[in-house]
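Dumped work-v7.pdb below, it's PDB, C-alpha atoms and all ligand atoms:
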MODEL        1
ATOM      1  CA  MET R   1      46.861  16.910 -64.015
ATOM      2  CA  ASP R   2      49.091  18.262 -66.774
ATOM      3  CA  LEU R   3      49.653  14.728 -67.954
ATOM      4  CA  ILE R   4      45.979  14.394 -68.871
ATOM      5  CA  LEU R   5      46.038  17.663 -70.829
ATOM      6  CA  ASP R   6      49.127  16.547 -72.703
ATOM      7  CA  LEU R   7      47.533  13.191 -73.403
ATOM      8  CA  LYS R   8      44.531  14.912 -74.906
ATOM      9  CA  LYS R   9      46.874  16.864 -77.160
ATOM     10  CA  GLY R  10      48.421  13.564 -78.228
ATOM     11  CA  LYS R  11      51.883  14.468 -76.972
ATOM     12  CA  ARG R  12      54.231  11.503 -77.327
ATOM     13  CA  GLY R  13      56.085  12.001 -74.076
ATOM     14  CA  ALA R  14      52.834  12.060 -72.135
ATOM     15  CA  ILE R  15      51.508   8.941 -73.862
ATOM     16  CA  ALA R  16      54.728   7.047 -73.199
ATOM     17  CA  LYS R  17      54.708   8.124 -69.575
ATOM     18  CA  ALA R  18      51.063   7.203 -69.062
ATOM     19  CA  ILE R  19      51.585   3.727 -70.532
ATOM     20  CA  THR R  20      54.583   3.195 -68.262
ATOM     21  CA  ILE R  21      52.421   4.128 -65.294
ATOM     22  CA  ILE R  22      49.712   1.738 -66.463
ATOM     23  CA  GLU R  23      52.244  -1.075 -66.932
ATOM     24  CA  ASN R  24      53.754  -0.671 -63.512
ATOM     25  CA  ASP R  25      50.372  -0.681 -61.887
ATOM     26  CA  GLN R  26      51.032   2.322 -59.738
ATOM     27  CA  PRO R  27      48.201   3.939 -57.785
ATOM     28  CA  GLU R  28      48.624   6.771 -60.261
ATOM     29  CA  ALA R  29      47.219   4.463 -62.953
ATOM     30  CA  LYS R  30      43.827   4.472 -61.263
ATOM     31  CA  LYS R  31      43.788   8.272 -61.208
ATOM     32  CA  ILE R  32      44.547   8.452 -64.916
ATOM     33  CA  LEU R  33      41.870   5.898 -65.763
ATOM     34  CA  LYS R  34      39.318   7.821 -63.739
ATOM     35  CA  LYS R  35      40.002  10.976 -65.738
ATOM     36  CA  ILE R  36      40.021   9.447 -69.198
ATOM     37  CA  PHE R  37      37.565   6.578 -69.000
ATOM     38  CA  LYS R  38      34.483   8.404 -70.266
ATOM     39  CA  GLU R  39      36.232   9.177 -73.513
ATOM     40  CA  THR R  40      37.443   5.679 -74.266
ATOM     41  CA  GLY R  41      35.942   2.806 -76.202
ATOM     42  CA  LYS R  42      35.703   4.631 -79.516
ATOM     43  CA  SER R  43      38.691   3.333 -81.422
ATOM     44  CA  MET R  44      38.839   0.085 -83.335
ATOM     45  CA  VAL R  45      41.455  -2.337 -82.078
ATOM     46  CA  ILE R  46      43.203  -4.396 -84.729
ATOM     47  CA  GLY R  47      45.108  -7.453 -83.507
ATOM     48  CA  ILE R  48      47.828  -8.750 -85.800
ATOM     49  CA  THR R  49      49.089 -12.185 -84.906
ATOM     50  CA  GLY R  50      50.908 -15.115 -86.472
ATOM     51  CA  PRO R  51      54.053 -17.200 -86.079
ATOM     52  CA  ALA R  52      57.393 -15.576 -85.165
ATOM     53  CA  GLY R  53      59.072 -14.063 -88.188
ATOM     54  CA  ALA R  54      55.939 -14.070 -90.356
ATOM     55  CA  GLY R  55      56.603 -10.417 -91.071
ATOM     56  CA  LYS R  56      54.105  -8.814 -88.711
ATOM     57  CA  SER R  57      56.291  -5.853 -87.739
ATOM     58  CA  SER R  58      57.414  -5.208 -91.310
ATOM     59  CA  LEU R  59      53.815  -5.326 -92.486
ATOM     60  CA  ILE R  60      52.568  -3.001 -89.774
ATOM     61  CA  ASN R  61      55.335  -0.590 -90.670
ATOM     62  CA  LYS R  62      54.072  -0.291 -94.249
ATOM     63  CA  THR R  63      50.404  -0.624 -93.426
ATOM     64  CA  VAL R  64      50.267   2.313 -91.023
ATOM     65  CA  VAL R  65      51.749   4.543 -93.688
ATOM     66  CA  ALA R  66      49.027   3.404 -96.099
ATOM     67  CA  MET R  67      46.356   3.835 -93.420
ATOM     68  CA  LYS R  68      47.456   7.377 -92.713
ATOM     69  CA  LYS R  69      46.964   8.144 -96.388
ATOM     70  CA  LEU R  70      43.414   6.849 -95.943
ATOM     71  CA  HIS R  71      42.911   9.504 -93.244
ATOM     72  CA  THR R  72      43.087   7.328 -90.192
ATOM     73  CA  LYS R  73      45.434   7.895 -87.265
ATOM     74  CA  PRO R  74      46.926   4.556 -86.264
ATOM     75  CA  ALA R  75      48.974   3.737 -83.187
ATOM     76  CA  VAL R  76      50.833   0.479 -82.603
ATOM     77  CA  LEU R  77      51.428  -1.614 -79.499
ATOM     78  CA  ALA R  78      53.797  -4.544 -79.947
ATOM     79  CA  ILE R  79      53.571  -7.233 -77.305
ATOM     80  CA  ASP R  80      57.070  -8.451 -76.879
ATOM     81  CA  PRO R  81      57.443 -11.980 -75.550
ATOM     82  CA  THR R  82      61.222 -11.896 -75.508
ATOM     83  CA  SER R  83      61.893  -8.455 -74.107
ATOM     84  CA  HIS R  84      62.621  -9.777 -70.642
ATOM     85  CA  VAL R  85      65.177 -12.189 -72.036
ATOM     86  CA  THR R  86      67.369 -10.075 -74.280
ATOM     87  CA  GLY R  87      65.670  -6.827 -75.095
ATOM     88  CA  GLY R  88      66.822  -7.477 -78.633
ATOM     89  CA  ALA R  89      63.404  -7.971 -80.103
ATOM     90  CA  ILE R  90      62.261  -4.542 -78.997
ATOM     91  CA  LEU R  91      65.150  -2.987 -80.803
ATOM     92  CA  GLY R  92      64.392  -5.147 -83.817
ATOM     93  CA  ASP R  93      60.816  -3.924 -83.896
ATOM     94  CA  ARG R  94      61.906  -0.321 -83.537
ATOM     95  CA  VAL R  95      64.264  -0.661 -86.451
ATOM     96  CA  ARG R  96      61.755  -2.446 -88.643
ATOM     97  CA  MET R  97      59.055   0.016 -87.723
ATOM     98  CA  SER R  98      61.226   3.096 -88.207
ATOM     99  CA  GLU R  99      59.382   4.140 -91.322
ATOM    100  CA  SER R 100      56.052   4.410 -89.562
ATOM    101  CA  THR R 101      57.579   6.156 -86.560
ATOM    102  CA  ASP R 102      58.887   8.881 -88.852
ATOM    103  CA  SER R 103      55.421   9.421 -90.235
ATOM    104  CA  GLY R 104      54.065  10.382 -86.810
ATOM    105  CA  THR R 105      52.496   7.149 -85.658
ATOM    106  CA  PHE R 106      52.865   6.255 -82.016
ATOM    107  CA  ILE R 107      54.647   2.928 -81.571
ATOM    108  CA  ARG R 108      55.408   1.178 -78.356
ATOM    109  CA  SER R 109      56.635  -2.252 -77.317
ATOM    110  CA  ILE R 110      54.999  -3.514 -74.186
ATOM    111  CA  ALA R 111      56.353  -6.310 -72.045
ATOM    112  CA  SER R 112      54.527  -9.597 -71.909
ATOM    113  CA  ARG R 113      56.048 -10.979 -68.757
ATOM    114  CA  GLY R 114      53.829 -11.650 -65.801
ATOM    115  CA  ALA R 115      50.481 -13.325 -65.416
ATOM    116  CA  THR R 116      48.253 -13.365 -68.487
ATOM    117  CA  GLY R 117      45.531 -11.544 -66.588
ATOM    118  CA  ALA R 118      47.917  -8.736 -65.766
ATOM    119  CA  ILE R 119      49.016  -8.475 -69.390
ATOM    120  CA  SER R 120      45.492  -8.095 -70.689
ATOM    121  CA  ARG R 121      44.776  -5.569 -67.968
ATOM    122  CA  SER R 122      47.714  -3.350 -68.880
ATOM    123  CA  LEU R 123      47.070  -3.906 -72.575
ATOM    124  CA  ARG R 124      43.438  -2.876 -72.272
ATOM    125  CA  ASN R 125      44.353   0.252 -70.353
ATOM    126  CA  SER R 126      47.191   1.148 -72.711
ATOM    127  CA  VAL R 127      44.637   0.994 -75.510
ATOM    128  CA  ARG R 128      42.484   3.418 -73.525
ATOM    129  CA  ILE R 129      45.380   5.850 -73.211
ATOM    130  CA  LEU R 130      45.857   5.790 -76.975
ATOM    131  CA  GLU R 131      42.130   6.255 -77.602
ATOM    132  CA  TYR R 132      42.079   9.259 -75.324
ATOM    133  CA  ALA R 133      45.086  10.637 -77.210
ATOM    134  CA  GLY R 134      43.041  10.481 -80.407
ATOM    135  CA  PHE R 135      44.410   7.417 -82.166
ATOM    136  CA  ASN R 136      42.186   5.183 -84.260
ATOM    137  CA  PRO R 137      42.800   2.360 -85.079
ATOM    138  CA  ILE R 138      45.043   0.878 -82.430
ATOM    139  CA  ILE R 139      47.063  -1.968 -83.871
ATOM    140  CA  ILE R 140      48.402  -4.643 -81.539
ATOM    141  CA  GLU R 141      51.143  -6.991 -82.713
ATOM    142  CA  SER R 142      51.489 -10.280 -80.874
ATOM    143  CA  VAL R 143      53.271 -13.509 -81.681
ATOM    144  CA  GLY R 144      50.785 -16.302 -82.111
ATOM    145  CA  ALA R 145      52.286 -18.919 -79.885
ATOM    146  CA  GLY R 146      50.323 -20.642 -77.191
ATOM    147  CA  GLN R 147      47.684 -18.544 -75.516
ATOM    148  CA  THR R 148      48.528 -15.087 -76.788
ATOM    149  CA  GLU R 149      46.645 -15.273 -80.045
ATOM    150  CA  VAL R 150      43.466 -16.247 -78.286
ATOM    151  CA  GLU R 151      43.907 -13.385 -75.915
ATOM    152  CA  ILE R 152      44.506 -10.952 -78.707
ATOM    153  CA  SER R 153      41.240 -11.871 -80.362
ATOM    154  CA  ASN R 154      39.524 -11.178 -77.045
ATOM    155  CA  ILE R 155      40.808  -7.633 -77.048
ATOM    156  CA  ALA R 156      40.736  -6.939 -80.778
ATOM    157  CA  ASP R 157      37.715  -5.857 -82.812
ATOM    158  CA  ILE R 158      39.432  -7.038 -85.977
ATOM    159  CA  THR R 159      41.872  -9.944 -85.931
ATOM    160  CA  VAL R 160      44.466 -10.469 -88.645
ATOM    161  CA  VAL R 161      46.478 -13.690 -88.882
ATOM    162  CA  VAL R 162      49.746 -13.550 -90.827
ATOM    163  CA  PHE R 163      51.324 -16.609 -92.413
ATOM    164  CA  ASN R 164      54.206 -16.973 -94.790
ATOM    165  CA  PRO R 165      55.346 -19.680 -97.154
ATOM    166  CA  HIS R 166      58.710 -20.192 -95.471
ATOM    167  CA  THR R 167      57.384 -21.673 -92.277
ATOM    168  CA  GLY R 168      57.231 -25.310 -93.275
ATOM    169  CA  ASP R 169      54.780 -26.011 -90.500
ATOM    170  CA  SER R 170      52.349 -23.405 -91.695
ATOM    171  CA  ILE R 171      49.465 -25.757 -92.220
ATOM    172  CA  GLN R 172      50.043 -27.162 -88.746
ATOM    173  CA  THR R 173      49.963 -23.626 -87.406
ATOM    174  CA  ILE R 174      46.817 -22.917 -89.327
ATOM    175  CA  LYS R 175      45.208 -25.904 -87.731
ATOM    176  CA  ALA R 176      46.476 -25.031 -84.273
ATOM    177  CA  GLY R 177      43.707 -22.739 -83.221
ATOM    178  CA  LEU R 178      44.341 -19.876 -85.593
ATOM    179  CA  THR R 179      41.489 -20.934 -87.854
ATOM    180  CA  GLU R 180      38.837 -19.700 -85.484
ATOM    181  CA  ILE R 181      39.990 -16.193 -84.830
ATOM    182  CA  GLY R 182      40.877 -14.378 -88.050
ATOM    183  CA  ASP R 183      38.734 -11.790 -89.818
ATOM    184  CA  ILE R 184      41.556 -11.415 -92.307
ATOM    185  CA  TYR R 185      44.232 -13.972 -93.210
ATOM    186  CA  LEU R 186      47.392 -12.726 -94.882
ATOM    187  CA  VAL R 187      49.801 -14.844 -96.827
ATOM    188  CA  ASN R 188      52.784 -12.522 -96.456
ATOM    189  CA  LYS R 189      56.141 -12.800 -98.236
ATOM    190  CA  SER R 190      54.212 -13.508-101.414
ATOM    191  CA  ASP R 191      57.468 -12.793-103.271
ATOM    192  CA  LEU R 192      58.683 -16.223-102.103
ATOM    193  CA  ASP R 193      58.061 -19.676-103.589
ATOM    194  CA  GLY R 194      55.148 -21.613-102.248
ATOM    195  CA  THR R 195      52.850 -18.628-101.919
ATOM    196  CA  ASN R 196      50.115 -19.964-104.145
ATOM    197  CA  GLN R 197      50.108 -23.377-102.492
ATOM    198  CA  LEU R 198      49.836 -21.773 -99.075
ATOM    199  CA  PHE R 199      47.128 -19.408-100.269
ATOM    200  CA  ASP R 200      45.120 -22.339-101.625
ATOM    201  CA  ALA R 201      45.641 -24.307 -98.418
ATOM    202  CA  VAL R 202      44.475 -21.406 -96.287
ATOM    203  CA  ARG R 203      41.481 -20.888 -98.549
ATOM    204  CA  ASP R 204      40.542 -24.566 -98.486
ATOM    205  CA  PHE R 205      40.951 -24.815 -94.781
ATOM    206  CA  ILE R 206      39.450 -21.546 -93.652
ATOM    207  CA  GLY R 207      37.728 -19.803 -96.512
ATOM    208  CA  ALA R 208      34.797 -22.168 -96.670
ATOM    209  CA  SER R 209      33.835 -21.558 -93.059
ATOM    210  CA  GLU R 210      30.692 -19.686 -92.151
ATOM    211  CA  ARG R 211      32.576 -16.609 -91.031
ATOM    212  CA  ASN R 212      33.858 -16.166 -94.538
ATOM    213  CA  PRO R 213      37.127 -14.421 -93.657
ATOM    214  CA  ILE R 214      39.081 -12.392 -96.188
ATOM    215  CA  ILE R 215      42.319 -13.944 -97.469
ATOM    216  CA  LEU R 216      44.949 -11.710 -99.059
ATOM    217  CA  LYS R 217      48.487 -12.008-100.391
ATOM    218  CA  THR R 218      51.002  -9.385 -99.336
ATOM    219  CA  SER R 219      54.683  -8.761 -99.862
ATOM    220  CA  VAL R 220      56.476  -6.169 -97.822
ATOM    221  CA  LYS R 221      59.567  -6.688 -99.937
ATOM    222  CA  LYS R 222      57.766  -6.039-103.229
ATOM    223  CA  ASN R 223      55.381  -3.554-101.643
ATOM    224  CA  SER R 224      52.375  -5.399-103.020
ATOM    225  CA  GLY R 225      48.968  -5.980-101.509
ATOM    226  CA  ILE R 226      49.605  -3.464 -98.732
ATOM    227  CA  ILE R 227      47.225  -0.802-100.000
ATOM    228  CA  GLN R 228      44.471  -3.363-100.476
ATOM    229  CA  PHE R 229      45.099  -4.624 -96.952
ATOM    230  CA  ALA R 230      44.904  -1.076 -95.556
ATOM    231  CA  LYS R 231      41.671  -0.425 -97.469
ATOM    232  CA  THR R 232      40.170  -3.672 -96.214
ATOM    233  CA  LEU R 233      41.022  -2.691 -92.655
ATOM    234  CA  LYS R 234      39.492   0.729 -93.092
ATOM    235  CA  GLU R 235      36.264  -0.777 -94.420
ATOM    236  CA  MET R 236      36.135  -3.224 -91.527
ATOM    237  CA  MET R 237      36.626  -0.385 -89.063
ATOM    238  CA  VAL R 238      33.191   0.772 -90.233
ATOM    239  CA  SER R 239      31.439  -2.540 -90.795
ATOM    240  CA  LYS R 240      32.446  -4.028 -87.437
ATOM    241  CA  LYS R 241      31.310  -1.087 -85.338
ATOM    242  CA  LYS R 242      28.064  -2.661 -84.192
ATOM    243  CA  LEU R 243      29.743  -5.930 -83.327
ATOM    244  CA  LYS R 244      32.382  -3.992 -81.403
ATOM    245  CA  LYS R 245      29.703  -2.437 -79.231
ATOM    246  CA  GLU R 246      28.329  -5.876 -78.364
ATOM    247  CA  LYS R 247      31.790  -7.250 -77.673
ATOM    248  CA  ASP R 248      32.638  -4.236 -75.516
ATOM    249  CA  ASN R 249      29.561  -4.801 -73.378
ATOM    250  CA  GLN R 250      30.652  -8.375 -72.813
ATOM    251  CA  ARG R 251      34.246  -7.356 -72.137
ATOM    252  CA  LEU R 252      33.228  -4.748 -69.580
ATOM    253  CA  GLU R 253      31.279  -7.378 -67.691
ATOM    254  CA  THR R 254      34.286  -9.698 -67.679
ATOM    255  CA  GLU R 255      36.600  -6.857 -66.684
ATOM    256  CA  LEU R 256      34.399  -5.802 -63.807
ATOM    257  CA  LYS R 257      34.156  -9.354 -62.483
ATOM    258  CA  ASP R 258      37.932  -9.738 -62.767
ATOM    259  CA  ILE R 259      38.590  -6.613 -60.766
ATOM    260  CA  VAL R 260      36.013  -7.463 -58.096
ATOM    261  CA  LEU R 261      37.389 -10.994 -57.712
ATOM    262  CA  ASN R 262      40.891  -9.596 -57.483
ATOM    263  CA  ASN R 263      39.864  -7.129 -54.811
ATOM    264  CA  ILE R 264      38.137  -9.837 -52.833
ATOM    265  CA  GLN R 265      41.126 -12.116 -53.059
ATOM    266  CA  GLU R 266      43.432  -9.407 -51.759
ATOM    267  CA  LYS R 267      41.099  -8.542 -48.912
ATOM    268  CA  MET R 268      40.609 -12.197 -47.986
ATOM    269  CA  ASN R 269      44.316 -12.791 -47.968
ATOM    270  CA  GLU R 270      44.780 -10.007 -45.449
ATOM    271  CA  MET R 271      41.881 -11.275 -43.356
ATOM    272  CA  LEU R 272      43.139 -14.850 -43.237
ATOM    273  CA  ASN R 273      46.486 -13.780 -41.861
ATOM    274  CA  SER R 274      44.808 -12.514 -38.720
ATOM    275  CA  ASP R 275      41.793 -14.849 -38.634
ATOM    276  CA  LYS R 276      41.319 -16.927 -35.472
ATOM    277  CA  THR R 277      39.435 -19.756 -37.151
ATOM    278  CA  PHE R 278      42.152 -19.958 -39.789
ATOM    279  CA  SER R 279      44.969 -20.275 -37.259
ATOM    280  CA  LYS R 280      42.945 -22.763 -35.227
ATOM    281  CA  TYR R 281      42.491 -25.118 -38.183
ATOM    282  CA  LEU R 282      46.020 -24.536 -39.413
ATOM    283  CA  LYS R 283      47.262 -25.832 -36.089
ATOM    284  CA  LYS R 284      45.026 -28.896 -36.334
ATOM    285  CA  LEU R 285      46.181 -29.479 -39.864
ATOM    286  CA  ARG R 286      49.824 -29.334 -38.866
ATOM    287  CA  ALA R 287      49.122 -31.810 -36.072
ATOM    288  CA  LYS R 288      47.424 -34.050 -38.670
ATOM    289  CA  ASP R 289      44.190 -33.875 -36.682
ATOM    290  CA  ILE R 290      42.301 -32.777 -39.761
ATOM    291  CA  ASP R 291      42.805 -33.034 -43.541
ATOM    292  CA  PRO R 292      43.300 -29.916 -45.680
ATOM    293  CA  PHE R 293      39.909 -30.158 -47.430
ATOM    294  CA  GLU R 294      37.925 -30.383 -44.258
ATOM    295  CA  ALA R 295      39.960 -27.617 -42.650
ATOM    296  CA  ALA R 296      39.377 -25.370 -45.665
ATOM    297  CA  ASP R 297      35.653 -26.134 -45.641
ATOM    298  CA  LYS R 298      35.349 -25.189 -41.991
ATOM    299  CA  ILE R 299      37.294 -21.935 -42.496
ATOM    300  CA  THR R 300      35.327 -21.026 -45.607
ATOM    301  CA  LYS R 301      32.016 -21.606 -43.839
ATOM    302  CA  SER R 302      33.084 -19.402 -40.975
ATOM    303  CA  LEU R 303      33.959 -16.604 -43.428
ATOM    304  CA  VAL R 304      31.240 -16.807 -46.080
ATOM    305  CA  ARG R 305      27.715 -17.641 -45.083
TER     306      ARG R 305
HETATM  307  N1  LIG T 401      61.022 -11.905 -98.592
HETATM  308  C1  LIG T 401      60.274 -11.244 -97.715
HETATM  309  N2  LIG T 401      60.742 -11.056 -96.463
HETATM  310  C2  LIG T 401      59.965 -10.388 -95.582
HETATM  311  C3  LIG T 401      58.703  -9.886 -95.949
HETATM  312  N3  LIG T 401      58.150  -9.287 -94.851
HETATM  313  C4  LIG T 401      59.052  -9.411 -93.856
HETATM  314  N4  LIG T 401      60.159 -10.071 -94.283
HETATM  315  C5  LIG T 401      61.364 -10.401 -93.499
HETATM  316  O1  LIG T 401      61.018 -11.376 -92.530
HETATM  317  C6  LIG T 401      61.802 -11.195 -91.346
HETATM  318  C7  LIG T 401      60.879 -11.125 -90.151
HETATM  319  O2  LIG T 401      60.095  -9.946 -90.242
HETATM  320  P1  LIG T 401      59.387  -9.284 -88.991
HETATM  321  O3  LIG T 401      58.596  -8.158 -89.516
HETATM  322  O4  LIG T 401      60.335  -9.028 -87.896
HETATM  323  O5  LIG T 401      58.442 -10.474 -88.546
HETATM  324  P2  LIG T 401      57.561 -10.559 -87.231
HETATM  325  O6  LIG T 401      56.427 -11.434 -87.566
HETATM  326  O7  LIG T 401      57.267  -9.210 -86.707
HETATM  327  O8  LIG T 401      58.542 -11.293 -86.243
HETATM  328  P3  LIG T 401      58.435 -11.427 -84.649
HETATM  329  O9  LIG T 401      57.982 -10.108 -84.118
HETATM  330  O10 LIG T 401      59.805 -11.804 -84.225
HETATM  331  O11 LIG T 401      57.434 -12.534 -84.427
HETATM  332  C8  LIG T 401      62.603  -9.927 -91.558
HETATM  333  O12 LIG T 401      63.896 -10.286 -91.952
HETATM  334  C9  LIG T 401      61.892  -9.233 -92.699
HETATM  335  O13 LIG T 401      62.724  -8.424 -93.474
HETATM  336  C10 LIG T 401      58.239 -10.091 -97.302
HETATM  337  O14 LIG T 401      57.134  -9.688 -97.714
HETATM  338  N5  LIG T 401      59.071 -10.770 -98.121
HETATM  339 MG    MG T 402      57.620  -8.322 -84.784
ENDMDL
END

Would you encode the structure as structure tokens?
Ligand SMILES: Nc1nc2c(ncn2[C@@H]2O[C@H](COP(=O)(O)OP(=O)(O)OP(=O)(O)O)[C@@H](O)[C@H]2O)c(=O)[nH]1
Ligand SMILES: [Mg+2]
Amino acid sequence: MDLILDLKKGKRGAIAKAITIIENDQPEAKKILKKIFKETGKSMVIGITGPAGAGKSSLINKTVVAMKKLHTKPAVLAIDPTSHVTGGAILGDRVRMSESTDSGTFIRSIASRGATGAISRSLRNSVRILEYAGFNPIIIESVGAGQTEVEISNIADITVVVFNPHTGDSIQTIKAGLTEIGDIYLVNKSDLDGTNQLFDAVRDFIGASERNPIILKTSVKKNSGIIQFAKTLKEMMVSKKKLKKEKDNQRLETELKDIVLNNIQEKMNEMLNSDKTFSKYLKKLRAKDIDPFEAADKITKSLVR
């Protein structure tokens, strides 16, 4: 496949095309995965999460430039929760990330609609495409609202949580689950009032924990703290390698189970549609001769022994 050759060369068009194939779950996606799989699993995945408007995209924009100067080759995937509503956020990210695009980093917004399982599947495989194309690290931006931030820390080897002093509910957000996941906490927009209070609050609330996460102040506007952030990430890319291996082993087990269960569900669905026992008990159920639980038990027993 020419596509695979072009991927290996890191050609943008090929990467974009491959990710589209992965996202749309075409049979072609399986063929691509088969060809590239052996050479995946080497890049560090950095998840950047935090409340909407915390400055994640702006930060990533600057940080990838700094990371390139540190001789890494970052790529960015932005999970876009609003893309199916307006499409505006994608454009926003493109504009805000224009600087890093110019410097040769691959950037792509990926849709977040659909079942969470499907999102992590396409996300995981998009990461593999980028690894095969030679990128390292792979940075994933996701808004920390609801379940996404937990998911991101499942995929990421390094998790960064971004706060800023203008979200009045910051401490609430800190408490709402984000305390457990960060390797690095950023108080961004440090050019604004309230930075020190927020920094202290984050430190008091999180810094004393056993994990001992790193807390930094950054300002995209003033261009401060970015280089230190990039350096910290680069160091973690080395220090977290062993842990990544362990996590990857666990993730592969989960992934395999997911796929097997999915396959079984699909097969079973087909089988049930033409299963005699199923139609027999369905009839009884409709006639109220049996309750749904008992009917299901009888069908299940006839299928799985
Ligand atoms: N004053 C100040 N404004 C900033 C800073 N960083 C980002 N902003 C502004 O904050 C707004 C939101 O920035 P984004 O980078 O889009 O934030 P985001 O977290 O990616 O937002 P979503 O993707 O919508 O969740 C933009 O208007 C930025 O210009 C900063 O360090 N200081
Ligand atoms: Mg953004």

For ligand LIG 401 (chain T), which residue out of R:Thr40, R:Ser279, R:Asn223, R:Gln265 is the nearest one, using all atoms listed in the file? R:Asn223

Running the PyMOL selection byres (((chain R and resi 162) around 10) and not hetatm) on this model by hand, what would come out? Give it as a PyMOL selection string. chain R and resi 48-56+59+143-144+159-161+163-164+174+178+182+184-189+215-218

For R:Asp6, which residue among R:Gly225, R:Pro292, R:Gly134, R:Gly194 is the nearest when counting all atoms listed in the file?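 That would be R:Gly134, the residue with the smallest distance to R:Asp6.
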
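Between atom CA of R:Ala111 and atom CA of R:Arg124 the interatomic distance comes to 13.4 Å.
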
Would you list the contacts of R:Val45 as a PyMOL selection string, taking every protein, DNA or RNA residue within 6 Å and counting all atoms listed in the file, but skipping same-chain residues closer than 6 positions in sequence? chain R and resi 137-139+156-157

Quick check on the file I pasted: which residues fall under the PyMOL selection byres (((chain R and resi 212) around 12) and not hetatm)? Write them as a PDB file with C-alpha atoms, keeping the file's coordinate frame.
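Dumped everything to selection.pdb:
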ATOM      1  CA  THR R 179      41.489 -20.934 -87.854  1.00  0.00           C
ATOM      2  CA  GLU R 180      38.837 -19.700 -85.484  1.00  0.00           C
ATOM      3  CA  ILE R 181      39.990 -16.193 -84.830  1.00  0.00           C
ATOM      4  CA  GLY R 182      40.877 -14.378 -88.050  1.00  0.00           C
ATOM      5  CA  ASP R 183      38.734 -11.790 -89.818  1.00  0.00           C
ATOM      6  CA  ILE R 184      41.556 -11.415 -92.307  1.00  0.00           C
ATOM      7  CA  TYR R 185      44.232 -13.972 -93.210  1.00  0.00           C
ATOM      8  CA  VAL R 202      44.475 -21.406 -96.287  1.00  0.00           C
ATOM      9  CA  ARG R 203      41.481 -20.888 -98.549  1.00  0.00           C
ATOM     10  CA  ASP R 204      40.542 -24.566 -98.486  1.00  0.00           C
ATOM     11  CA  PHE R 205      40.951 -24.815 -94.781  1.00  0.00           C
ATOM     12  CA  ILE R 206      39.450 -21.546 -93.652  1.00  0.00           C
ATOM     13  CA  GLY R 207      37.728 -19.803 -96.512  1.00  0.00           C
ATOM     14  CA  ALA R 208      34.797 -22.168 -96.670  1.00  0.00           C
ATOM     15  CA  SER R 209      33.835 -21.558 -93.059  1.00  0.00           C
ATOM     16  CA  GLU R 210      30.692 -19.686 -92.151  1.00  0.00           C
ATOM     17  CA  ARG R 211      32.576 -16.609 -91.031  1.00  0.00           C
ATOM     18  CA  PRO R 213      37.127 -14.421 -93.657  1.00  0.00           C
ATOM     19  CA  ILE R 214      39.081 -12.392 -96.188  1.00  0.00           C
ATOM     20  CA  ILE R 215      42.319 -13.944 -97.469  1.00  0.00           C
TER      21      ILE R 215
END

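This file, filtered with the PyMOL selection byres (((chain R and resi 277) around 9) and not hetatm), gives the residues Leu272, Asp275, Lys276, Phe278, Ser279, Lys280, Tyr281, Leu282, Lys298, Ile299, Ser302 and Leu303 of chain R.
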
Take the selection from the previous step and output its residues with C-alpha atoms, as a PDB file, in the coordinates of the input.
ATOM      1  CA  LEU R 272      43.139 -14.850 -43.237  1.00  0.00           C
ATOM      2  CA  ASP R 275      41.793 -14.849 -38.634  1.00  0.00           C
ATOM      3  CA  LYS R 276      41.319 -16.927 -35.472  1.00  0.00           C
ATOM      4  CA  PHE R 278      42.152 -19.958 -39.789  1.00  0.00           C
ATOM      5  CA  SER R 279      44.969 -20.275 -37.259  1.00  0.00           C
ATOM      6  CA  LYS R 280      42.945 -22.763 -35.227  1.00  0.00           C
ATOM      7  CA  TYR R 281      42.491 -25.118 -38.183  1.00  0.00           C
ATOM      8  CA  LEU R 282      46.020 -24.536 -39.413  1.00  0.00           C
ATOM      9  CA  LYS R 298      35.349 -25.189 -41.991  1.00  0.00           C
ATOM     10  CA  ILE R 299      37.294 -21.935 -42.496  1.00  0.00           C
ATOM     11  CA  SER R 302      33.084 -19.402 -40.975  1.00  0.00           C
ATOM     12  CA  LEU R 303      33.959 -16.604 -43.428  1.00  0.00           C
TER      13      LEU R 303
END

So which one's closest to ligand MG 402 (chain T), R:Val127, R:Ala118, R:Ile140, R:Val65? Using all atoms listed in the file, please. R:Ile140

Go through R:Leu130, R:Val220, R:Ile158, R:Ala296 and flag the residue nearest R:Lys9, using all atoms listed in the file for the distances.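 Among R:Leu130, R:Val220, R:Ile158, R:Ala296, it is R:Leu130 that comes nearest to R:Lys9.
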
Just how far from atom CA of R:Leu7 is atom CA of R:Lys231, in Å to one decimal? 28.3 Å
